[in-house]
>>> print(open('final-v3.cif').read())   # mmCIF, C-alpha atoms and all ligand atoms
data_structure
loop_
_atom_site.label_atom_id
_atom_site.label_comp_id
_atom_site.auth_asym_id
_atom_site.auth_seq_id
_atom_site.Cartn_x
_atom_site.Cartn_y
_atom_site.Cartn_z
CA MET A 1 0.00 0.00 0.00
CA GLU A 2 1.13 3.55 -0.64
CA SER A 3 1.95 5.44 2.48
CA GLU A 4 0.07 8.68 2.87
CA THR A 5 2.13 11.67 1.89
CA THR A 6 1.56 14.90 3.72
CA ILE A 7 2.22 17.87 1.54
CA GLU A 8 0.45 21.10 2.43
CA ILE A 9 1.32 24.23 0.56
CA GLU A 10 -0.21 27.60 1.37
CA VAL A 11 -0.07 30.30 -1.27
CA HIS A 12 -0.02 33.99 -0.35
CA LEU A 13 1.01 35.77 -3.49
CA ASP A 14 0.89 39.54 -3.55
CA ALA A 15 -2.13 40.59 -5.61
CA ASP A 16 -0.48 43.99 -5.90
CA ALA A 17 2.97 42.82 -7.00
CA ALA A 18 2.68 44.80 -10.24
CA ALA A 19 1.66 47.96 -8.39
CA THR A 20 4.50 47.45 -5.89
CA MET A 21 6.95 47.18 -8.77
CA ARG A 22 5.60 50.33 -10.40
CA SER A 23 5.98 52.40 -7.25
CA ASP A 24 9.40 50.89 -6.36
CA VAL A 25 10.81 51.61 -9.80
CA ARG A 26 9.33 55.11 -9.98
CA ARG A 27 10.80 55.99 -6.59
CA GLY A 28 14.18 54.51 -7.51
CA LEU A 29 14.47 56.30 -10.83
CA LEU A 30 13.45 59.64 -9.34
CA ALA A 31 15.92 59.30 -6.46
CA ALA A 32 19.37 60.91 -6.59
CA PRO A 33 21.43 58.82 -7.10
CA LYS A 34 19.15 56.45 -9.01
CA GLU A 35 18.68 52.94 -7.69
CA LEU A 36 16.79 49.75 -8.56
CA SER A 37 15.94 46.88 -6.21
CA PRO A 38 17.85 43.61 -6.79
CA LYS A 39 14.57 41.75 -6.46
CA TYR A 40 13.77 42.70 -10.06
CA PHE A 41 16.78 40.76 -11.40
CA TYR A 42 15.03 37.45 -11.03
CA ASP A 43 12.69 36.86 -13.93
CA GLU A 44 13.17 33.54 -15.72
CA ARG A 45 16.22 34.74 -17.63
CA GLY A 46 17.68 36.42 -14.55
CA SER A 47 17.26 33.26 -12.47
CA GLN A 48 19.03 31.27 -15.21
CA LEU A 49 21.85 33.79 -15.30
CA PHE A 50 22.20 33.62 -11.53
CA GLU A 51 22.43 29.82 -11.79
CA GLN A 52 25.26 30.31 -14.30
CA ILE A 53 26.97 32.74 -11.92
CA THR A 54 26.96 30.09 -9.19
CA GLU A 55 28.90 27.79 -11.51
CA LEU A 56 31.61 30.34 -12.34
CA GLU A 57 35.14 29.69 -11.12
CA GLU A 58 35.33 33.28 -9.82
CA TYR A 59 32.05 33.12 -7.85
CA TYR A 60 33.01 31.13 -4.76
CA PRO A 61 30.07 31.72 -2.32
CA THR A 62 27.62 29.07 -3.54
CA ARG A 63 30.25 26.37 -3.87
CA THR A 64 31.76 27.22 -0.49
CA GLU A 65 28.44 27.21 1.33
CA ARG A 66 27.63 23.84 -0.23
CA GLU A 67 30.99 22.49 0.98
CA ILE A 68 30.37 23.65 4.53
CA LEU A 69 26.93 22.04 4.54
CA ALA A 70 28.23 18.83 2.99
CA GLU A 71 30.98 18.51 5.57
CA ARG A 72 29.40 19.88 8.71
CA SER A 73 25.64 19.36 8.64
CA ARG A 74 25.77 16.70 11.37
CA GLU A 75 27.67 19.07 13.61
CA ILE A 76 25.29 21.92 12.78
CA VAL A 77 22.21 19.82 13.51
CA ALA A 78 23.69 18.63 16.81
CA ALA A 79 24.64 22.18 17.79
CA ALA A 80 21.10 23.29 16.89
CA GLY A 81 19.73 20.80 19.43
CA CYS A 82 18.34 18.23 16.96
CA PRO A 83 15.41 20.26 15.61
CA ALA A 84 12.15 18.59 14.50
CA THR A 85 11.47 21.15 11.80
CA LEU A 86 13.60 22.72 9.12
CA VAL A 87 12.20 26.02 7.85
CA GLU A 88 13.99 27.33 4.79
CA LEU A 89 13.63 30.89 3.54
CA GLY A 90 14.13 30.99 -0.24
CA SER A 91 14.09 27.19 -0.56
CA GLY A 92 14.02 26.93 -4.37
CA SER A 93 15.07 23.46 -5.44
CA ALA A 94 16.43 22.77 -1.93
CA ALA A 95 19.69 21.51 -3.41
CA LYS A 96 21.89 22.40 -0.43
CA THR A 97 19.13 21.70 2.08
CA ARG A 98 19.33 17.98 1.56
CA HIS A 99 22.52 17.93 3.61
CA LEU A 100 20.63 19.33 6.59
CA LEU A 101 17.58 17.11 6.05
CA SER A 102 19.80 14.02 5.80
CA ALA A 103 21.66 14.95 8.98
CA MET A 104 18.33 15.43 10.79
CA GLU A 105 17.08 12.10 9.45
CA ALA A 106 20.28 10.36 10.57
CA VAL A 107 19.84 11.46 14.18
CA GLY A 108 16.13 10.66 14.02
CA CYS A 109 14.77 14.15 14.76
CA LEU A 110 13.40 15.05 11.32
CA ARG A 111 9.62 15.58 11.22
CA THR A 112 8.67 18.58 9.09
CA TYR A 113 10.16 20.66 6.31
CA VAL A 114 8.75 24.14 5.71
CA PRO A 115 9.97 25.45 2.35
CA VAL A 116 9.26 29.16 1.91
CA ASP A 117 9.65 30.47 -1.62
CA ILE A 118 8.19 32.98 -4.05
CA SER A 119 7.73 30.37 -6.81
CA GLU A 120 4.71 28.11 -6.50
CA GLU A 121 5.89 25.79 -9.24
CA ILE A 122 9.29 25.07 -7.76
CA THR A 123 7.86 24.66 -4.24
CA HIS A 124 5.43 21.99 -5.46
CA SER A 125 8.06 20.09 -7.42
CA THR A 126 10.60 20.29 -4.58
CA ALA A 127 7.99 19.02 -2.10
CA ALA A 128 7.09 16.10 -4.38
CA CYS A 129 10.77 15.07 -4.67
CA LEU A 130 11.48 15.39 -0.96
CA VAL A 131 8.60 13.20 0.25
CA GLU A 132 10.01 10.47 -2.00
CA GLU A 133 13.54 10.96 -0.69
CA TYR A 134 12.57 11.25 2.98
CA PRO A 135 9.80 8.78 3.79
CA GLY A 136 7.52 10.06 6.55
CA LEU A 137 8.58 13.69 6.07
CA ALA A 138 5.71 16.16 6.44
CA ILE A 139 5.91 19.19 4.21
CA GLN A 140 4.20 22.41 5.15
CA GLY A 141 5.23 24.85 2.45
CA LEU A 142 4.58 28.54 2.09
CA VAL A 143 4.53 30.33 -1.23
CA CYS A 144 5.02 34.02 -0.49
CA ASP A 145 7.46 36.91 -0.42
CA PHE A 146 9.13 35.99 2.85
CA GLU A 147 10.25 39.52 3.58
CA ARG A 148 6.60 40.58 3.59
CA ASP A 149 5.04 37.38 4.97
CA LEU A 150 7.62 36.21 7.53
CA GLU A 151 4.99 36.10 10.27
CA ARG A 152 3.15 33.29 8.44
CA ILE A 153 5.86 30.76 9.34
CA PRO A 154 4.10 28.03 11.34
CA ALA A 155 4.72 28.48 15.06
CA ASP A 156 3.77 25.07 16.41
CA LEU A 157 6.58 22.92 15.09
CA GLU A 158 9.40 23.58 17.56
CA PRO A 159 12.22 23.12 17.96
CA ARG A 160 12.89 24.64 14.57
CA LEU A 161 15.98 25.33 12.55
CA ILE A 162 15.29 28.34 10.33
CA ALA A 163 17.77 28.39 7.45
CA PHE A 164 18.44 31.46 5.36
CA LEU A 165 21.21 30.42 3.01
CA GLY A 166 22.97 31.78 -0.06
CA GLY A 167 24.13 35.05 1.47
CA THR A 168 20.95 36.83 0.41
CA VAL A 169 20.88 38.76 3.70
CA GLY A 170 23.82 40.67 2.19
CA ASN A 171 21.42 42.39 -0.23
CA LEU A 172 19.79 44.29 2.65
CA TYR A 173 20.88 47.70 3.89
CA PRO A 174 21.84 47.78 7.60
CA ASP A 175 18.48 49.11 8.83
CA GLN A 176 16.51 46.66 6.65
CA ARG A 177 18.71 43.85 7.89
CA ARG A 178 18.21 44.81 11.52
CA ASP A 179 14.43 44.97 11.06
CA PHE A 180 14.36 41.64 9.24
CA LEU A 181 16.45 39.88 11.90
CA ALA A 182 14.40 41.49 14.69
CA ARG A 183 11.21 40.16 13.07
CA LEU A 184 12.79 36.71 12.95
CA ALA A 185 13.79 37.07 16.61
CA ALA A 186 10.19 37.96 17.45
CA LEU A 187 8.95 34.66 16.00
CA MET A 188 11.61 32.52 17.62
CA GLU A 189 11.07 30.43 20.75
CA SER A 190 13.90 29.54 23.09
CA GLY A 191 14.62 26.18 21.39
CA ASP A 192 14.67 27.59 17.87
CA ARG A 193 17.86 28.29 15.96
CA LEU A 194 18.58 30.41 12.94
CA LEU A 195 21.19 29.27 10.38
CA LEU A 196 22.38 32.23 8.35
CA GLY A 197 24.75 32.10 5.37
CA THR A 198 27.01 35.13 4.86
CA ASP A 199 29.94 35.94 2.65
CA LEU A 200 33.04 37.17 4.50
CA VAL A 201 35.36 40.13 3.98
CA LYS A 202 38.37 39.30 1.83
CA GLU A 203 40.81 40.90 -0.61
CA ARG A 204 39.28 43.42 -2.99
CA ASP A 205 40.56 41.66 -6.12
CA ARG A 206 38.82 38.39 -5.37
CA LEU A 207 35.59 40.15 -4.45
CA GLU A 208 35.56 42.30 -7.55
CA LEU A 209 36.35 39.35 -9.80
CA ALA A 210 33.51 37.34 -8.24
CA TYR A 211 31.10 40.13 -9.25
CA ASP A 212 32.69 40.99 -12.59
CA ASP A 213 33.66 37.73 -14.21
CA PRO A 214 35.71 37.82 -17.43
CA ALA A 215 33.05 35.79 -19.28
CA GLY A 216 30.58 38.61 -18.63
CA VAL A 217 27.84 36.50 -17.06
CA THR A 218 27.42 38.87 -14.11
CA ALA A 219 27.35 41.86 -16.46
CA GLU A 220 24.54 40.21 -18.39
CA PHE A 221 22.73 39.37 -15.14
CA ASN A 222 22.99 43.01 -14.04
CA LYS A 223 21.78 44.39 -17.38
CA ASN A 224 18.91 41.90 -17.46
CA VAL A 225 17.08 44.14 -14.98
CA LEU A 226 16.76 46.66 -17.83
CA THR A 227 15.11 44.02 -20.01
CA VAL A 228 12.71 43.27 -17.16
CA LEU A 229 11.75 46.97 -16.99
CA ASN A 230 11.38 47.10 -20.77
CA ARG A 231 8.94 44.20 -20.68
CA GLU A 232 7.02 44.96 -17.48
CA LEU A 233 6.92 48.74 -17.62
CA GLY A 234 7.02 49.44 -21.35
CA ALA A 235 10.47 50.98 -21.04
CA ASN A 236 13.02 51.47 -23.81
CA PHE A 237 16.35 50.92 -22.04
CA ASP A 238 19.13 49.92 -24.45
CA PRO A 239 21.31 47.49 -22.43
CA ASP A 240 24.22 48.26 -24.78
CA LEU A 241 24.19 51.87 -23.57
CA PHE A 242 24.98 50.76 -20.00
CA ALA A 243 28.12 49.23 -18.52
CA HIS A 244 28.30 46.80 -15.60
CA VAL A 245 30.19 48.22 -12.61
CA ALA A 246 31.14 46.11 -9.55
CA ARG A 247 33.26 47.85 -6.91
CA TYR A 248 34.14 46.82 -3.39
CA ASP A 249 33.38 49.60 -0.91
CA SER A 250 35.76 48.73 1.90
CA GLY A 251 34.38 51.43 4.22
CA GLU A 252 30.91 49.90 4.09
CA ALA A 253 32.28 46.36 3.61
CA ARG A 254 30.06 45.64 0.67
CA MET A 255 30.08 45.10 -3.05
CA ASP A 256 28.39 48.01 -4.76
CA ILE A 257 26.91 46.98 -8.10
CA ARG A 258 25.76 49.52 -10.61
CA LEU A 259 24.91 50.26 -14.22
CA ARG A 260 26.78 53.19 -15.75
CA SER A 261 25.16 55.13 -18.54
CA LEU A 262 27.58 55.27 -21.48
CA ALA A 263 25.92 58.31 -23.01
CA GLU A 264 23.65 61.17 -22.18
CA GLN A 265 20.24 59.62 -22.86
CA THR A 266 16.54 59.80 -22.10
CA VAL A 267 14.65 56.63 -21.28
CA SER A 268 10.88 56.43 -21.25
CA LEU A 269 8.76 54.06 -19.20
CA ASP A 270 5.29 54.09 -20.79
CA VAL A 271 3.52 52.22 -18.00
CA LEU A 272 4.80 54.79 -15.48
CA ASP A 273 4.19 57.70 -17.85
CA LEU A 274 7.74 58.71 -16.98
CA GLU A 275 10.81 59.98 -18.82
CA VAL A 276 14.17 59.71 -17.12
CA GLU A 277 17.39 61.46 -18.08
CA PHE A 278 20.78 59.85 -17.65
CA ALA A 279 23.95 61.92 -17.84
CA ALA A 280 26.94 60.36 -19.60
CA GLY A 281 28.81 58.41 -16.92
CA GLU A 282 25.91 58.51 -14.45
CA GLU A 283 25.70 55.41 -12.27
CA MET A 284 22.54 53.72 -11.02
CA ARG A 285 22.93 51.22 -8.17
CA THR A 286 21.23 47.85 -8.75
CA GLU A 287 22.53 45.83 -5.79
CA ILE A 288 24.67 45.78 -2.67
CA SER A 289 26.18 42.57 -1.35
CA ALA A 290 27.50 42.98 2.18
CA LYS A 291 30.58 41.13 3.39
CA PHE A 292 31.02 40.34 7.08
CA THR A 293 33.47 39.42 9.78
CA ARG A 294 32.58 37.33 12.81
CA ASP A 295 32.84 40.37 15.08
CA ARG A 296 30.57 42.46 12.92
CA LEU A 297 28.02 39.68 12.70
CA GLU A 298 27.98 39.36 16.49
CA ALA A 299 27.12 43.07 16.64
CA VAL A 300 24.48 42.68 13.89
CA TYR A 301 22.81 39.85 15.82
CA ALA A 302 22.98 41.69 19.16
CA GLU A 303 21.31 44.72 17.59
CA ALA A 304 18.40 42.50 16.50
CA GLY A 305 18.08 40.82 19.92
CA LEU A 306 19.90 37.66 18.89
CA GLU A 307 23.06 35.85 19.91
CA LEU A 308 25.72 34.02 17.90
CA ARG A 309 25.93 30.40 19.14
CA GLY A 310 27.89 28.57 16.47
CA TRP A 311 30.25 29.47 13.64
CA PHE A 312 30.99 27.21 10.67
CA THR A 313 33.35 28.27 7.90
CA ASP A 314 35.33 26.64 5.13
CA ALA A 315 39.05 26.08 5.68
CA ALA A 316 39.99 29.26 3.80
CA GLY A 317 37.54 31.37 5.81
CA ASP A 318 35.76 32.65 2.72
CA TYR A 319 32.18 32.09 3.83
CA ALA A 320 30.34 31.44 7.09
CA LEU A 321 27.23 29.79 8.42
CA SER A 322 26.17 31.31 11.75
CA LEU A 323 24.00 29.46 14.22
CA VAL A 324 21.97 32.03 16.12
CA SER A 325 19.46 31.95 18.98
CA LEU A 326 17.59 34.20 21.37
CA PRO A 327 19.99 35.41 24.10
CA GLY A 328 20.85 32.79 26.68
CA SER A 329 18.56 30.12 25.26
C1 LIG B 401 22.04 35.94 -4.44
C2 LIG B 401 22.30 38.00 -3.31
C3 LIG B 401 23.63 36.11 -2.68
O1 LIG B 401 25.07 38.94 -3.56
O2 LIG B 401 26.39 37.33 -4.17
C4 LIG B 401 25.70 37.44 -7.51
C5 LIG B 401 23.62 37.91 -6.01
N1 LIG B 401 24.80 39.38 -7.68
N2 LIG B 401 26.38 38.15 -8.42
C6 LIG B 401 25.27 37.87 -4.15
C7 LIG B 401 24.70 38.22 -7.04
C8 LIG B 401 25.83 39.32 -8.53
C9 LIG B 401 24.11 37.16 -4.82
N3 LIG B 401 23.02 36.82 -3.84
#
>>> encode(input="final-v3.cif", output="structure tokens")
Amino acid sequence: MESETTIEIEVHLDADAAATMRSDVRRGLLAAPKELSPKYFYDERGSQLFEQITELEEYYPTRTEREILAERSREIVAAAGCPATLVELGSGSAAKTRHLLSAMEAVGCLRTYVPVDISEEITHSTAACLVEEYPGLAIQGLVCDFERDLERIPADLEPRLIAFLGGTVGNLYPDQRRDFLARLAALMESGDRLLLGTDLVKERDRLELAYDDPAGVTAEFNKNVLTVLNRELGANFDPDLFAHVARYDSGEARMDIRLRSLAEQTVSLDVLDLEVEFAAGEEMRTEISAKFTRDRLEAVYAEAGLELRGWFTDAAGDYALSLVSLPGS
């Protein structure tokens, strides 16, 4: 007889996503200096390009995080107190997550996986694969924008390990990051643990190469946001009239990624009924990617009402997974 699978997936997509995009982009293009949100990189093409970035020799974060998980998941799960539930923010295809799920299965604590992702399709297909791979696993997925819908994470499945991998937290500005971590802290119980992936500070040359690869994949990824605006907002950006710029800002300890206008030009966005002027050489920021040290992360956690409890890096110290809890718990 077939065993009963338990897959439950709740969908909370933003009915106003298009309106949110319109107001975000309008605000960003009218700001001085101009800025676009990195969340608009990821249409189908952008997601493919990001996948290609993760396979580049120069882009070490994905590979390094995978190595740490492959080698140390047992230790991480033990240090997290053998959680019953794995919640994953931005779960996607859950490729790296299997290391954590397998470690939880091996110690016998695995009960529930809560994938949280913006794509309904991928969440369904990931859930279907995982119930095959982990017999008896209950899946309680959430399809939503987790920055907006964080509070929907199920509360009754403690102790939980809440994983936020990939270094995506680095895209947030300090105040956004503090608010986001404080919201996570507010949902955590004393037995819960957060597992956060972050890229670490290193030499400028390696950082800049990781975000400006010679094959030009990252440049194409960056310029793809213009194609997204052309399609979604009836804009007429010419990607060839912009150059990819990726600089390490050592004062702020972050990569600063921009598009530089190669000419004086006017761009129109029909859907916004807006015309925007670019001066020759003008730069528009499209992303930041913060780099951390252990000391700085301890301060970041403290500011959000959290405490660093475990620290897992690769041998070279390029990338870190932090295990974090409420203070003293
Ligand atoms: C997906 C946000 C972790 O900041 O390294 C990669 C995105 N941008 N190359 C990063 C990115 C350019 C990436 N994150």
>>> residues_around(input="final-v3.cif", residues="region 277-279 of chain A", least_positions_apart="6", cutoff="9 Å", atoms="only C-alpha atoms", output="PyMOL selection string")
chain A and resi 261-268
>>> residues_near_ligand(input="final-v3.cif", ligand="ligand LIG 401 (chain B)", cutoff="7 Å", atoms="all atoms listed in the file", output="MDAnalysis selection string")
chainID A and resid 50 53 61 166:168 170:171 211 218 288:289
>>> axis_aligned_box(input="final-v3.cif", around="region 90-103 of chain A", padding_each_side="5 Å", output="JSON")
{"center_x": 18.3, "center_y": 22.5, "center_z": 1.8, "size_x": 18.5, "size_y": 27.0, "size_z": 24.4}
>>> atom_distance(input="final-v3.cif", atom1="CA of Gly191 (chain A)", atom2="CA of Cys82 (chain A)")
9.8 Å
>>> closest_residue(input="final-v3.cif", among="A:Arg294, A:Arg72, A:Arg254, A:Arg63", to="Pro174 (chain A)", atoms="only C-alpha atoms")
A:Arg254
>>> residues_near_point(input="final-v3.cif", point="(25.7, 31.4, -11.8)", cutoff="12 Å", atoms="all atoms listed in the file", output="tab-separated table (two decimals) with C-alpha atoms, in the coordinates of the input")
chain	number	residue	atom	x	y	z
A	45	ARG	CA	16.22	34.74	-17.63
A	46	GLY	CA	17.68	36.42	-14.55
A	47	SER	CA	17.26	33.26	-12.47
A	48	GLN	CA	19.03	31.27	-15.21
A	49	LEU	CA	21.85	33.79	-15.30
A	50	PHE	CA	22.20	33.62	-11.53
A	51	GLU	CA	22.43	29.82	-11.79
A	52	GLN	CA	25.26	30.31	-14.30
A	53	ILE	CA	26.97	32.74	-11.92
A	54	THR	CA	26.96	30.09	-9.19
A	55	GLU	CA	28.90	27.79	-11.51
A	56	LEU	CA	31.61	30.34	-12.34
A	57	GLU	CA	35.14	29.69	-11.12
A	58	GLU	CA	35.33	33.28	-9.82
A	59	TYR	CA	32.05	33.12	-7.85
A	60	TYR	CA	33.01	31.13	-4.76
A	61	PRO	CA	30.07	31.72	-2.32
A	62	THR	CA	27.62	29.07	-3.54
A	63	ARG	CA	30.25	26.37	-3.87
A	210	ALA	CA	33.51	37.34	-8.24
A	211	TYR	CA	31.10	40.13	-9.25
A	212	ASP	CA	32.69	40.99	-12.59
A	213	ASP	CA	33.66	37.73	-14.21
A	215	ALA	CA	33.05	35.79	-19.28
A	216	GLY	CA	30.58	38.61	-18.63
A	217	VAL	CA	27.84	36.50	-17.06
A	218	THR	CA	27.42	38.87	-14.11
A	219	ALA	CA	27.35	41.86	-16.46
A	220	GLU	CA	24.54	40.21	-18.39
A	221	PHE	CA	22.73	39.37	-15.14
>>> closest_residue(input="final-v3.cif", among="A:Glu303, A:Glu232, A:Glu283, A:Arg98", to="Val271 (chain A)", atoms="only C-alpha atoms")
A:Glu232
>>> residues_around(input="final-v3.cif", residues="region 90-97 of chain A", least_positions_apart="5", cutoff="7 Å", atoms="all atoms listed in the file", output="list in words")
Arg66, Pro115, Val116, Asp117, Ile122, Thr123 and Thr126 of chain A
>>> closest_residue(input="final-v3.cif", among="A:Leu69, A:Met188, A:Leu137, A:Val201", to="Pro154 (chain A)", atoms="all atoms listed in the file")
A:Met188
>>> atom_distance(input="final-v3.cif", atom1="CA of Ala315 (chain A)", atom2="CA of Arg193 (chain A)")
23.7 Å
>>> atom_distance(input="final-v3.cif", atom1="CA of Asp149 (chain A)", atom2="CA of Glu65 (chain A)")
25.8 Å
>>> closest_atom_pairs(input="final-v3.cif", of="region 202-228 of chain A", to="region 24-41 of chain A", cutoff="8 Å", atoms="only C-alpha atoms", output="tab-separated table")
residue	atom	partner	partner_atom	distance
A:Phe221	CA	A:Phe41	CA	7.2
A:Asn222	CA	A:Phe41	CA	7.1
A:Asn224	CA	A:Phe41	CA	6.5
A:Val225	CA	A:Phe41	CA	4.9
A:Val228	CA	A:Tyr40	CA	7.2
>>> residues_around(input="final-v3.cif", residues="Thr313 (chain A)", least_positions_apart="5", cutoff="10 Å", atoms="all atoms listed in the file", output="VMD selection string")
chain A and resid 64 to 65 67 to 69 72 197 to 200 318 to 322
>>> residues_around(input="final-v3.cif", residues="Glu151 (chain A)", least_positions_apart="5", cutoff="9 Å", atoms="only C-alpha atoms", output="PyMOL selection string")
chain A and resi 146+183-184+187
>>> residues_around(input="final-v3.cif", residues="Glu307 (chain A)", least_positions_apart="3", cutoff="9 Å", atoms="only C-alpha atoms", output="count of residues only")
11
>>> build_atoms(input="final-v3.cif", residues="region 257-279 of chain A", atoms="N, CA and C atoms", output="compact mmCIF listing (two decimals), in the frame of the given file")
# COMPACT_ATOMS: atom_id res chain seq x y z
N ILE A 257 27.09 47.40 -6.71
CA ILE A 257 26.91 46.98 -8.10
C ILE A 257 26.00 47.97 -8.81
N ARG A 258 26.47 48.43 -9.93
CA ARG A 258 25.76 49.52 -10.61
C ARG A 258 25.71 49.32 -12.11
N LEU A 259 24.90 50.14 -12.77
CA LEU A 259 24.91 50.26 -14.22
C LEU A 259 25.29 51.69 -14.54
N ARG A 260 26.31 51.85 -15.39
CA ARG A 260 26.78 53.19 -15.75
C ARG A 260 26.30 53.54 -17.14
N SER A 261 25.64 54.67 -17.24
CA SER A 261 25.16 55.13 -18.54
C SER A 261 26.33 55.56 -19.40
N LEU A 262 26.43 54.99 -20.61
CA LEU A 262 27.58 55.27 -21.48
C LEU A 262 27.37 56.52 -22.31
N ALA A 263 26.18 57.10 -22.22
CA ALA A 263 25.92 58.31 -23.01
C ALA A 263 24.89 59.14 -22.26
N GLU A 264 24.77 60.39 -22.66
CA GLU A 264 23.65 61.17 -22.18
C GLU A 264 22.43 60.62 -22.92
N GLN A 265 21.38 60.26 -22.20
CA GLN A 265 20.24 59.62 -22.86
C GLN A 265 18.96 59.83 -22.05
N THR A 266 17.85 59.73 -22.75
CA THR A 266 16.54 59.80 -22.10
C THR A 266 15.85 58.46 -22.30
N VAL A 267 15.34 57.91 -21.21
CA VAL A 267 14.65 56.63 -21.28
C VAL A 267 13.19 56.88 -20.90
N SER A 268 12.28 56.27 -21.64
CA SER A 268 10.88 56.43 -21.25
C SER A 268 10.31 55.11 -20.75
N LEU A 269 9.43 55.22 -19.76
CA LEU A 269 8.76 54.06 -19.20
C LEU A 269 7.26 54.33 -19.36
N ASP A 270 6.68 53.76 -20.42
CA ASP A 270 5.29 54.09 -20.79
C ASP A 270 4.31 53.80 -19.66
N VAL A 271 4.47 52.62 -19.04
CA VAL A 271 3.52 52.22 -18.00
C VAL A 271 3.55 53.20 -16.82
N LEU A 272 4.70 53.83 -16.59
CA LEU A 272 4.80 54.79 -15.48
C LEU A 272 4.54 56.21 -15.96
N ASP A 273 4.35 56.37 -17.27
CA ASP A 273 4.19 57.70 -17.85
C ASP A 273 5.34 58.60 -17.38
N LEU A 274 6.56 58.06 -17.55
CA LEU A 274 7.74 58.71 -16.98
C LEU A 274 8.88 58.76 -18.00
N GLU A 275 9.58 59.88 -18.03
CA GLU A 275 10.81 59.98 -18.82
C GLU A 275 11.94 60.28 -17.86
N VAL A 276 13.04 59.57 -18.03
CA VAL A 276 14.17 59.71 -17.12
C VAL A 276 15.42 60.05 -17.90
N GLU A 277 16.15 61.05 -17.43
CA GLU A 277 17.39 61.46 -18.08
C GLU A 277 18.57 60.80 -17.38
N PHE A 278 19.50 60.33 -18.18
CA PHE A 278 20.78 59.85 -17.65
C PHE A 278 21.88 60.71 -18.23
N ALA A 279 22.77 61.21 -17.35
CA ALA A 279 23.95 61.92 -17.84
C ALA A 279 24.96 60.87 -18.30
